[in-house]
Structures are given as structure tokens and as C-alpha cells.
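**Q** Input structure: protein_5.csv, which contains CSV, C-alpha atoms and all ligand atoms.
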chain,number,residue,atom,x,y,z
A,1,MET,CA,10.0,-33.6,-5.0
A,2,GLU,CA,7.0,-31.9,-3.5
A,3,PRO,CA,7.8,-30.6,0.0
A,4,ASN,CA,5.2,-30.9,2.7
A,5,SER,CA,3.5,-27.8,4.0
A,6,THR,CA,5.6,-27.7,7.1
A,7,SER,CA,8.9,-27.7,5.3
A,8,TRP,CA,7.6,-25.0,3.0
A,9,GLY,CA,6.6,-23.0,6.0
A,10,VAL,CA,10.1,-23.3,7.4
A,11,HIS,CA,11.6,-22.5,4.0
A,12,PHE,CA,9.4,-19.5,3.8
A,13,TRP,CA,11.1,-17.7,6.6
A,14,CYS,CA,14.6,-17.9,5.1
A,15,LEU,CA,13.9,-18.1,1.4
A,16,THR,CA,11.3,-16.0,-0.2
A,17,VAL,CA,8.4,-16.7,-2.5
A,18,GLN,CA,10.6,-15.3,-5.2
A,19,GLU,CA,13.0,-18.2,-4.6
A,20,LEU,CA,10.2,-20.6,-4.3
A,21,ALA,CA,8.8,-19.6,-7.7
A,22,LYS,CA,12.1,-20.5,-9.3
A,23,LYS,CA,11.5,-24.2,-8.5
A,24,PRO,CA,9.7,-26.2,-11.1
A,25,LEU,CA,6.4,-26.5,-9.2
A,26,SER,CA,3.2,-27.4,-10.9
A,27,LYS,CA,1.2,-27.1,-7.7
A,28,VAL,CA,1.2,-24.4,-5.1
A,29,PRO,CA,2.4,-25.5,-1.6
A,30,THR,CA,-0.6,-25.9,0.7
A,31,ARG,CA,0.4,-23.1,3.0
A,32,TYR,CA,-0.5,-20.7,0.2
A,33,VAL,CA,-3.7,-22.4,-1.1
A,34,ARG,CA,-6.9,-20.7,-0.1
A,35,PRO,CA,-9.7,-22.9,-1.3
A,36,HIS,CA,-12.5,-20.7,0.2
A,37,HIS,CA,-11.0,-17.3,-0.2
A,38,GLY,CA,-9.6,-17.6,-3.7
A,39,PRO,CA,-10.3,-14.6,-5.9
A,40,PRO,CA,-13.4,-14.9,-8.0
A,41,ALA,CA,-12.5,-14.8,-11.6
A,42,ILE,CA,-12.8,-11.3,-13.1
A,43,SER,CA,-15.2,-12.7,-15.6
A,44,SER,CA,-17.6,-13.5,-12.8
A,45,LEU,CA,-18.0,-9.8,-12.2
A,46,SER,CA,-20.7,-8.0,-14.0
A,47,PRO,CA,-19.4,-6.9,-17.4
A,48,ALA,CA,-20.1,-3.3,-16.5
A,49,MET,CA,-17.7,-3.6,-13.5
A,50,THR,CA,-14.8,-4.9,-15.6
A,51,GLU,CA,-14.9,-1.8,-17.7
A,52,VAL,CA,-15.2,1.0,-15.0
A,53,GLN,CA,-12.1,3.0,-14.3
A,54,VAL,CA,-11.4,4.9,-11.1
A,55,PRO,CA,-11.5,8.7,-11.4
A,56,VAL,CA,-8.4,10.4,-12.7
A,57,ILE,CA,-7.3,13.6,-10.9
A,58,ASP,CA,-5.0,16.0,-12.6
A,59,MET,CA,-2.7,17.8,-10.1
A,60,GLN,CA,-1.9,20.6,-12.5
A,61,ARG,CA,-5.6,21.4,-12.8
A,62,LEU,CA,-6.0,21.3,-9.1
A,63,ALA,CA,-3.2,23.8,-8.7
A,64,SER,CA,-4.5,26.2,-11.4
A,65,LYS,CA,-6.9,29.0,-10.5
A,66,ASP,CA,-9.2,28.4,-13.5
A,67,SER,CA,-9.8,24.7,-13.1
A,68,CYS,CA,-9.3,24.3,-9.4
A,69,ASN,CA,-12.9,24.3,-8.3
A,70,HIS,CA,-14.0,21.8,-10.9
A,71,GLU,CA,-11.1,19.5,-10.1
A,72,LEU,CA,-11.8,19.8,-6.3
A,73,LYS,CA,-15.4,18.7,-6.9
A,74,LYS,CA,-14.0,15.7,-8.9
A,75,LEU,CA,-11.7,15.0,-6.0
A,76,HIS,CA,-14.5,15.1,-3.5
A,77,LEU,CA,-16.6,12.6,-5.5
A,78,ALA,CA,-13.6,10.4,-6.2
A,79,ARG,CA,-12.9,10.2,-2.4
A,80,LYS,CA,-16.5,9.8,-1.5
A,81,ASP,CA,-17.7,7.3,-4.1
A,82,TRP,CA,-14.4,5.4,-4.8
A,83,GLY,CA,-11.9,6.0,-2.1
A,84,PHE,CA,-9.3,5.6,-4.9
A,85,PHE,CA,-8.2,7.7,-7.8
A,86,GLN,CA,-5.3,7.9,-10.2
A,87,MET,CA,-3.2,10.9,-10.0
A,88,ILE,CA,-1.6,12.3,-13.2
A,89,ASN,CA,0.6,15.4,-13.8
A,90,HIS,CA,1.9,15.0,-10.3
A,91,GLY,CA,5.2,16.7,-10.9
A,92,VAL,CA,7.5,13.7,-10.1
A,93,SER,CA,9.9,13.5,-13.1
A,94,CYS,CA,9.8,10.5,-15.4
A,95,SER,CA,13.5,10.1,-14.9
A,96,LEU,CA,13.1,9.7,-11.1
A,97,LEU,CA,10.2,7.3,-11.6
A,98,ASP,CA,12.2,5.3,-14.1
A,99,LYS,CA,15.1,5.0,-11.7
A,100,VAL,CA,12.7,3.9,-8.9
A,101,LYS,CA,11.2,1.2,-11.1
A,102,GLU,CA,14.5,0.0,-12.5
A,103,GLU,CA,16.4,-0.1,-9.2
A,104,THR,CA,13.6,-1.7,-7.3
A,105,GLN,CA,13.6,-4.5,-9.7
A,106,GLU,CA,17.4,-4.8,-9.4
A,107,PHE,CA,17.0,-4.8,-5.6
A,108,PHE,CA,14.7,-7.8,-5.7
A,109,LYS,CA,17.3,-9.6,-7.9
A,110,LEU,CA,19.9,-9.5,-5.1
A,111,PRO,CA,21.2,-12.9,-4.1
A,112,MET,CA,19.8,-14.4,-0.9
A,113,GLU,CA,23.1,-13.7,1.0
A,114,GLU,CA,22.6,-10.0,0.3
A,115,LYS,CA,18.9,-10.1,1.1
A,116,ASN,CA,19.6,-11.8,4.4
A,117,LYS,CA,21.5,-8.7,5.5
A,118,PHE,CA,18.2,-6.8,5.2
A,119,TRP,CA,16.0,-9.5,6.7
A,120,GLN,CA,13.4,-8.6,9.3
A,121,ASP,CA,14.5,-8.9,12.9
A,122,VAL,CA,12.3,-10.9,15.3
A,123,GLY,CA,9.4,-8.6,16.4
A,124,ASP,CA,10.1,-6.0,13.7
A,125,ILE,CA,8.5,-5.7,10.3
A,126,GLN,CA,11.1,-3.6,8.6
A,127,GLY,CA,13.3,-5.3,6.0
A,128,PHE,CA,12.6,-8.2,3.7
A,129,GLY,CA,10.0,-10.7,4.8
A,130,GLN,CA,6.3,-10.9,5.5
A,131,ALA,CA,4.0,-9.0,7.8
A,132,PHE,CA,0.9,-10.0,9.6
A,133,VAL,CA,1.9,-13.6,10.1
A,134,VAL,CA,0.8,-14.5,13.6
A,135,SER,CA,0.4,-18.3,13.6
A,136,GLN,CA,1.9,-21.4,12.0
A,137,GLU,CA,-1.5,-22.5,10.7
A,138,GLN,CA,-2.3,-19.2,9.0
A,139,LYS,CA,-2.4,-19.1,5.2
A,140,LEU,CA,0.3,-17.0,3.6
A,141,ASP,CA,0.2,-14.3,1.0
A,142,CYS,CA,2.0,-15.1,-2.2
A,143,ALA,CA,4.4,-12.1,-2.1
A,144,ASP,CA,7.6,-10.9,-0.7
A,145,MET,CA,7.9,-7.5,0.7
A,146,PHE,CA,10.6,-5.0,1.7
A,147,TYR,CA,9.2,-2.5,4.2
A,148,LEU,CA,10.9,0.4,5.8
A,149,ILE,CA,10.3,3.6,7.7
A,150,THR,CA,11.7,6.5,5.6
A,151,LEU,CA,10.5,9.6,7.6
A,152,PRO,CA,10.9,11.1,10.1
A,153,ARG,CA,14.6,10.4,9.7
A,154,HIS,CA,15.2,9.7,13.4
A,155,MET,CA,12.8,6.7,13.1
A,156,ARG,CA,14.9,5.1,10.3
A,157,LYS,CA,16.3,1.8,11.4
A,158,ALA,CA,20.0,2.2,11.8
A,159,ASN,CA,21.2,-0.8,9.8
A,160,LEU,CA,18.6,-0.6,7.0
A,161,PHE,CA,18.4,2.6,5.0
A,162,PRO,CA,22.0,3.6,5.4
A,163,ASN,CA,23.2,0.2,4.2
A,164,LEU,CA,21.0,0.0,1.1
A,165,PRO,CA,23.2,-0.3,-2.1
A,166,LEU,CA,23.9,2.8,-4.2
A,167,PRO,CA,22.4,4.2,-6.3
A,168,PHE,CA,19.2,2.7,-4.9
A,169,ARG,CA,19.6,4.5,-1.5
A,170,ASP,CA,19.9,7.9,-3.1
A,171,THR,CA,17.0,7.2,-5.4
A,172,LEU,CA,14.8,6.3,-2.5
A,173,GLU,CA,15.9,9.4,-0.6
A,174,ALA,CA,14.9,11.6,-3.6
A,175,TYR,CA,11.6,9.7,-4.0
A,176,SER,CA,10.8,10.0,-0.3
A,177,ARG,CA,11.4,13.7,-0.4
A,178,GLU,CA,9.3,14.3,-3.5
A,179,MET,CA,6.5,12.1,-2.2
A,180,LYS,CA,6.4,13.9,1.1
A,181,CYS,CA,5.7,17.2,-0.8
A,182,ILE,CA,3.1,15.6,-3.0
A,183,ALA,CA,1.3,13.9,-0.1
A,184,LEU,CA,1.1,17.1,1.9
A,185,THR,CA,-0.2,19.0,-1.1
A,186,THR,CA,-2.8,16.3,-1.8
A,187,LEU,CA,-3.9,16.3,1.8
A,188,VAL,CA,-4.5,20.0,1.8
A,189,PHE,CA,-6.6,19.6,-1.4
A,190,ILE,CA,-8.5,16.8,0.3
A,191,ALA,CA,-9.1,19.0,3.3
A,192,LYS,CA,-10.5,21.7,1.0
A,193,ALA,CA,-12.6,19.2,-0.9
A,194,SER,CA,-14.1,17.9,2.3
A,195,LYS,CA,-14.6,21.5,3.6
A,196,MET,CA,-12.5,20.7,6.6
A,197,GLU,CA,-10.3,23.4,8.2
A,198,VAL,CA,-6.9,22.9,6.7
A,199,GLU,CA,-5.4,23.3,10.1
A,200,ASP,CA,-7.2,20.1,11.3
A,201,MET,CA,-5.4,18.2,8.6
A,202,LYS,CA,-2.1,19.9,9.1
A,203,VAL,CA,-1.9,19.7,12.8
A,204,LEU,CA,-0.9,16.1,12.9
A,205,PHE,CA,1.5,16.4,10.0
A,206,ASP,CA,4.6,17.9,11.3
A,207,GLU,CA,6.9,15.0,11.7
A,208,GLY,CA,4.3,12.7,10.1
A,209,MET,CA,5.4,9.2,9.4
A,210,GLN,CA,6.3,8.0,5.9
A,211,THR,CA,6.8,4.3,5.2
A,212,MET,CA,7.5,2.4,2.0
A,213,ARG,CA,6.5,-1.1,1.1
A,214,MET,CA,7.9,-2.8,-2.0
A,215,ASN,CA,5.9,-5.8,-3.1
A,216,TYR,CA,7.1,-8.6,-5.2
A,217,TYR,CA,4.5,-11.0,-6.6
A,218,PRO,CA,6.1,-14.0,-8.3
A,219,PRO,CA,4.4,-15.8,-11.2
A,220,CYS,CA,2.3,-18.6,-9.8
A,221,PRO,CA,1.2,-21.8,-11.5
A,222,GLN,CA,-2.3,-21.7,-10.0
A,223,PRO,CA,-3.0,-18.0,-9.6
A,224,GLU,CA,-6.7,-18.6,-8.8
A,225,GLN,CA,-5.7,-20.6,-5.7
A,226,VAL,CA,-3.7,-18.0,-4.0
A,227,ILE,CA,-3.8,-14.3,-3.1
A,228,GLY,CA,-0.8,-12.0,-3.6
A,229,LEU,CA,-1.9,-9.6,-0.8
A,230,SER,CA,-4.9,-10.3,1.4
A,231,PRO,CA,-7.9,-7.9,1.4
A,232,HIS,CA,-7.2,-5.0,3.6
A,233,SER,CA,-7.5,-1.3,4.0
A,234,ASP,CA,-4.3,0.8,4.6
A,235,PRO,CA,-4.0,2.0,8.1
A,236,LEU,CA,-2.3,5.4,7.6
A,237,ARG,CA,-3.6,8.5,6.0
A,238,ILE,CA,-2.9,8.3,2.3
A,239,THR,CA,-1.2,5.8,0.0
A,240,PHE,CA,0.5,6.4,-3.3
A,241,LEU,CA,1.1,3.2,-5.2
A,242,LEU,CA,3.4,3.1,-8.2
A,243,GLN,CA,3.2,0.0,-10.3
A,244,ILE,CA,6.8,-0.9,-11.2
A,245,ASN,CA,6.3,-3.2,-14.2
A,246,GLU,CA,3.4,-3.4,-16.6
A,247,VAL,CA,1.6,-6.3,-15.0
A,248,GLU,CA,-1.8,-5.6,-13.3
A,249,GLY,CA,-3.0,-7.2,-10.1
A,250,LEU,CA,-4.5,-4.6,-7.8
A,251,GLN,CA,-8.2,-4.9,-7.2
A,252,ILE,CA,-10.5,-2.8,-5.1
A,253,LYS,CA,-13.8,-3.6,-3.6
A,254,LYS,CA,-16.7,-1.7,-5.1
A,255,ASP,CA,-20.3,-2.5,-4.4
A,256,GLY,CA,-19.3,-6.0,-3.2
A,257,SER,CA,-17.3,-6.9,-6.3
A,258,TRP,CA,-13.5,-6.9,-6.9
A,259,VAL,CA,-12.7,-4.3,-9.6
A,260,PRO,CA,-9.3,-4.5,-11.3
A,261,ILE,CA,-7.4,-1.3,-11.6
A,262,LYS,CA,-5.6,-0.5,-14.9
A,263,PRO,CA,-2.8,1.9,-14.0
A,264,LEU,CA,-2.1,4.7,-16.4
A,265,HIS,CA,1.5,5.0,-17.3
A,266,ASP,CA,3.5,6.7,-14.5
A,267,ALA,CA,0.3,7.7,-12.6
A,268,PHE,CA,0.0,7.1,-8.9
A,269,ILE,CA,-2.9,5.1,-7.6
A,270,VAL,CA,-3.9,7.0,-4.5
A,271,ASN,CA,-6.2,5.7,-1.8
A,272,ILE,CA,-7.2,7.0,1.6
A,273,GLY,CA,-6.3,5.1,4.7
A,274,ASP,CA,-8.2,4.3,7.9
A,275,SER,CA,-6.7,7.3,9.7
A,276,LEU,CA,-8.1,9.7,7.1
A,277,GLU,CA,-11.5,7.9,7.3
A,278,ILE,CA,-11.4,8.7,11.0
A,279,LEU,CA,-10.3,12.3,10.5
A,280,THR,CA,-13.0,13.0,8.0
A,281,ASN,CA,-15.5,11.3,10.4
A,282,ARG,CA,-16.3,8.8,7.7
A,283,MET,CA,-17.1,11.3,4.9
A,284,TYR,CA,-14.3,9.6,3.0
A,285,LYS,CA,-13.8,5.9,3.4
A,286,SER,CA,-10.8,3.7,3.2
A,287,ILE,CA,-11.5,1.0,0.7
A,288,GLU,CA,-10.6,-2.6,0.9
A,289,HIS,CA,-8.2,-3.8,-1.8
A,290,ARG,CA,-6.1,-6.8,-2.5
A,291,ALA,CA,-3.5,-8.0,-5.0
A,292,THR,CA,-3.8,-11.0,-7.2
A,293,VAL,CA,-0.9,-12.9,-8.9
A,294,ASN,CA,-0.3,-13.7,-12.5
A,295,SER,CA,0.3,-17.2,-14.0
A,296,LYS,CA,3.3,-16.2,-16.2
A,297,LYS,CA,4.7,-12.9,-15.1
A,298,LYS,CA,6.0,-11.4,-11.9
A,299,ARG,CA,4.6,-8.2,-10.7
A,300,LEU,CA,6.2,-5.4,-8.6
A,301,SER,CA,4.8,-2.4,-6.9
A,302,ILE,CA,5.9,0.2,-4.4
A,303,ALA,CA,3.5,1.8,-2.0
A,304,ILE,CA,4.3,4.9,0.0
A,305,PHE,CA,2.2,5.4,3.1
A,306,LEU,CA,1.9,8.8,4.8
A,307,GLY,CA,0.6,8.9,8.3
A,308,PRO,CA,0.1,11.1,11.3
A,309,LYS,CA,3.0,11.6,13.7
A,310,CYS,CA,3.6,8.7,15.9
A,311,ASP,CA,3.1,10.4,19.2
A,312,GLY,CA,-0.2,12.0,18.2
A,313,ASP,CA,-3.9,11.2,18.6
A,314,LEU,CA,-6.4,10.0,16.0
A,315,GLY,CA,-9.9,11.3,16.0
A,316,PRO,CA,-12.5,13.2,13.8
A,317,ALA,CA,-11.5,16.7,12.7
A,318,PRO,CA,-13.2,19.2,15.1
A,319,SER,CA,-14.3,21.3,12.1
A,320,LEU,CA,-16.4,18.5,10.7
A,321,ILE,CA,-18.3,17.8,14.0
A,322,THR,CA,-21.7,19.4,14.2
A,323,ALA,CA,-25.0,18.6,15.9
A,324,ASP,CA,-26.0,16.7,12.7
A,325,THR,CA,-22.7,15.0,12.3
A,326,PRO,CA,-21.5,13.8,15.7
A,327,PRO,CA,-18.2,12.0,16.1
A,328,ARG,CA,-18.3,8.4,14.7
A,329,PHE,CA,-15.0,7.3,16.2
A,330,ARG,CA,-13.4,7.6,19.6
A,331,ARG,CA,-10.0,9.2,20.0
A,332,VAL,CA,-7.1,6.8,20.2
A,333,SER,CA,-3.4,7.2,20.2
A,334,VAL,CA,-1.7,6.7,16.9
A,335,ALA,CA,0.8,4.3,18.6
A,336,ASP,CA,-2.1,2.0,19.9
A,337,PHE,CA,-3.8,2.1,16.6
A,338,LEU,CA,-0.7,1.0,14.6
A,339,ARG,CA,0.3,-1.6,17.3
A,340,ASN,CA,-3.1,-3.2,16.9
A,341,PHE,CA,-2.9,-3.2,13.1
A,342,PHE,CA,0.5,-4.9,12.9
A,343,SER,CA,-0.2,-7.5,15.6
A,344,LYS,CA,-2.9,-9.2,13.6
A,345,GLU,CA,-3.6,-11.1,10.4
A,346,LEU,CA,-4.3,-8.8,7.5
A,347,LYS,CA,-8.0,-8.8,7.2
A,348,SER,CA,-10.5,-6.4,5.7
A,349,LYS,CA,-11.2,-3.4,7.8
A,350,THR,CA,-11.1,-5.1,11.2
A,351,ASN,CA,-8.7,-2.7,12.8
A,352,LEU,CA,-10.8,0.4,12.0
A,353,GLU,CA,-13.9,-1.3,13.2
A,354,GLN,CA,-12.3,-2.1,16.5
A,401,LIG,C1,-0.2,-2.3,-0.2
A,401,LIG,C2,-1.1,-2.7,-1.4
A,401,LIG,C3,-1.2,-3.3,-3.6
A,401,LIG,C4,-0.4,-3.7,-4.8
A,401,LIG,O1,1.0,-2.4,-0.3
A,401,LIG,O2,-0.8,-1.9,0.8
A,401,LIG,O3,-2.2,-2.6,-1.2
A,401,LIG,O4,-1.0,-3.7,-5.9
A,401,LIG,N1,-0.5,-3.0,-2.5
A,401,LIG,O5,0.7,-4.1,-4.7
A,402,NI,NI,-2.8,-1.6,0.6
Take the structure in this file and express it as C-alpha cells.

**A**
Amino acid sequence: MEPNSTSWGVHFWCLTVQELAKKPLSKVPTRYVRPHHGPPAISSLSPAMTEVQVPVIDMQRLASKDSCNHELKKLHLARKDWGFFQMINHGVSCSLLDKVKEETQEFFKLPMEEKNKFWQDVGDIQGFGQAFVVSQEQKLDCADMFYLITLPRHMRKANLFPNLPLPFRDTLEAYSREMKCIALTTLVFIAKASKMEVEDMKVLFDEGMQTMRMNYYPPCPQPEQVIGLSPHSDPLRITFLLQINEVEGLQIKKDGSWVPIKPLHDAFIVNIGDSLEILTNRMYKSIEHRATVNSKKKRLSIAIFLGPKCDGDLGPAPSLITADTPPRFRRVSVADFLRNFFSKELKSKTNLEQ
């Protein structure tokens, strides 16, 4: 039986695309089909574009006196020309990454009764569910997500983090702690690479926000008809994406084409978010990206977003403002900026432009 789009729409809220994908479907339900926005086949990109690789930044070289300047220049160009890079030698142990990968996969295998306990409340995006769904007519992304605020601790949702099953809860706690350190170190290097006063970067960072988004992209019988995650730029300052299993799907927009990213083993794919584009007064740009789905294999990823503190302001760094480089953004409160982002459909860079 092929359900109509309305019943799938209803199912969607209490099932998941993961459950949906278990059904013997040969066609994708219409709510997910995007006839005009379907991803162009990779083969339609110019051959040169399918072979390029985003820059690789070695954190050990950044930290070493001898190679720091060379790596800083690479970082500057990576940010300026790509907005994305892969980070290696980042210092997070393989054993922790293995646990994150394994236990995230286990978490998505929980039966629906268990998942329901972590379901999004009305008006909140934390928990299992979807974000950016604002109307019944809107097309849906072909992915499930589990989203939660991890830092600062007092912003954690009371019934979410503390109720996560063990050992997953402890693993996420350790991962959150490690990633906070790495993110702050990276941002200091980015400040140096952009010749910004490090204080301008740091000032918004005490009590900065950290959120995690785990993405589950099920296999889909017609991958070219759907999108896993709509094109968007990330709103916060910096994102560290870890691919959980060895299935690719992330694509970034480069010179008008979608370029697939091939993650190196255990590397983080790092990209700057809108609030860093604002802080660097557009020297570094947040880059649009999206996720595609695979016809045979599921794909999982976990993104950590680091942001400014919630009760702060967003605006260009004073040390980057000169007579030649006047401010290109008006100051806004972080709260307003995020409220606007989460209240709309996920779409390109519309929030930043506003
Ligand atoms: C995100 C994101 C891409 C991916 O979660 O913001 O862009 O490959 N994810 O899952
Ligand atoms: Ni993203």
C-alpha cells in the first residue's frame, strides 16, 4: 500500500524516516520529493570539481613553533577560499571517536518507545525530530536528527541529557569537553590567521554555547529525488563534523557547483558559521552546504556547533574595522539572530542576509 502524502506527513511526526525506510517502498512519499531542487548528479559537475579536496589543516603543525606560520597561512587561505577544511592531528583520541561513532549508531537503533521519551516538545527543537518545519505544505528533508544543547550546563534541557542511556551519556560528556577545548584553540588560531585581536574573538566566548546535532540519513530508493539536509549555512561560529560511518554525502557549494567532501579517517570537517562571518566582517565566509542520501546505505554524522554566548551581541570585530574596511553588518543580539534562524525553513544563507 502506498500511503498518501498527508498520512505520511502525519506519520512523520511520530515515526521517523528511519522507520519509514524499513518499509518496502519503491517510491519516495511525495512530501520528500523535490522535483525542482533535486541534487544535480555529481557527474554533471566539471571533472575538475569532482577531484578537488578541501584543505587539510594539521593541528600539531599549528601548535609547533617551527611550522606555525606556514600552517597559519594555510588556515587563512582555507577559510578565505573555501570556508571549509579538514582537521587532522586534533588530539581527540581514536578510542573516544570510536565510542562516539559506535554509541551514536546504537542510539539510533533504539526502539520507537525509547526514542519517544526523547522526542521534541512542541515549540522546542531539542530531542529527536526535525527542525525548520514551518508548514504542512513544505517539503521535508530525508533525515532524522537528534539535537541537544550541551553547554553551558545550565542550558541543558532537564529531561534530555541526564536521561540519555549509559555509556552514551558519559561519552557525549567527554566528547563535549574535548570539543570545547579544540574549538577554542581553533578559534584563537583563526583570530591570528585573520589578524584580528584575539580578545575580540575571546570576549564572546566565556559561557559560549555548544550544541550537537546527530544526523541519520536512511537509504532511499530514489536518492536523486530527495535531499538529506537542505542547503544552508550554519548559524553559529564554527562547526566540527564527524562522519560516523564510511558513507559520504556532504557537499559544499564552491563557485556555483556542489562539491562532494571525502572525509579523511577520523578527521573533523570544520566550517565557519554565519556568526564568524559577521565577526570577521566577511573576510571569512560561511559556506552553503547540504547532505545527499545514498540508495543502499544509511549515513550518520554528528555535528558540534560552537557559538557565542546567548546573551551577547553579534557584530564585526572592532580590530578589523578601518576606514577601508567599514562594518558590513549591523549589530544584533545573539538571541534575536538564533530565534530568526530557527523560526524559518532551512534555506541557503537567508538568515545572515537579513
Ligand atoms: C549540519 C550539517 C552535514 C552532514 O548538521 O549542519 O551540515 O553531512 N550536516 O551531515
Ligand atoms: Ni550544516

**Q** With distances taken over only C-alpha atoms and all ligand atoms, which residue among A:His232, A:Lys99, A:Lys309, A:Lys22 lies nearest ligand NI 402 (chain A)?

**A**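 The closest residue to ligand NI 402 (chain A) is A:His232.
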
**Q** Determine the nearest neighbour of ligand NI 402 (chain A) from the options A:Lys101, A:Lys349, A:Lys202, A:Arg299, counting only C-alpha atoms and all ligand atoms.

**A**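 Closest candidate: A:Lys349.
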
**Q** Per residue of chain A within 7 Å of ligand NI 402 (chain A), record the nearest atom pair and its distance in Å to one decimal, counting all atoms listed in the file, with rows in chain order and ascending residue number, as CSV.

**A**
residue,atom,partner,partner_atom,distance
A:His232,CA,A:NI402,NI,6.3
A:Ser233,CA,A:NI402,NI,5.8
A:Asp234,CA,A:NI402,NI,4.9
A:His289,CA,A:NI402,NI,6.3
A:Arg290,CA,A:NI402,NI,6.9

**Q** For each of A:Met196, A:Phe189, A:Thr150, A:Arg282, take the minimum atom-to-atom distance to Pro326 of chain A, counting all atoms listed in the file, then give the residue where this is smallest.

**A**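 Closest to Pro326 of chain A of all the choices is A:Arg282.
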
**Q** Between atom CA of Arg153 of chain A and atom CA of Thr171 of chain A, what is the distance, to one decimal in Å?

**A**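 Pair atom CA of Arg153 of chain A / atom CA of Thr171 of chain A returns 15.6 Å.
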
**Q** To one decimal in Å, tell me the separation between atom CA of Glu199 of chain A and atom CA of Leu352 of chain A.

**A** 23.6 Å

**Q** Identify, on the basis of all atoms listed in the file, every residue whose closest approach to Gly315 of chain A does not exceed 6 Å; exclude the query and any residue fewer than 5 positions from it along the same chain; express the result as a list in words.

**A**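 Neighbouring residues, sequence-local ones excluded: Ile278, Leu279 and Arg331 of chain A.
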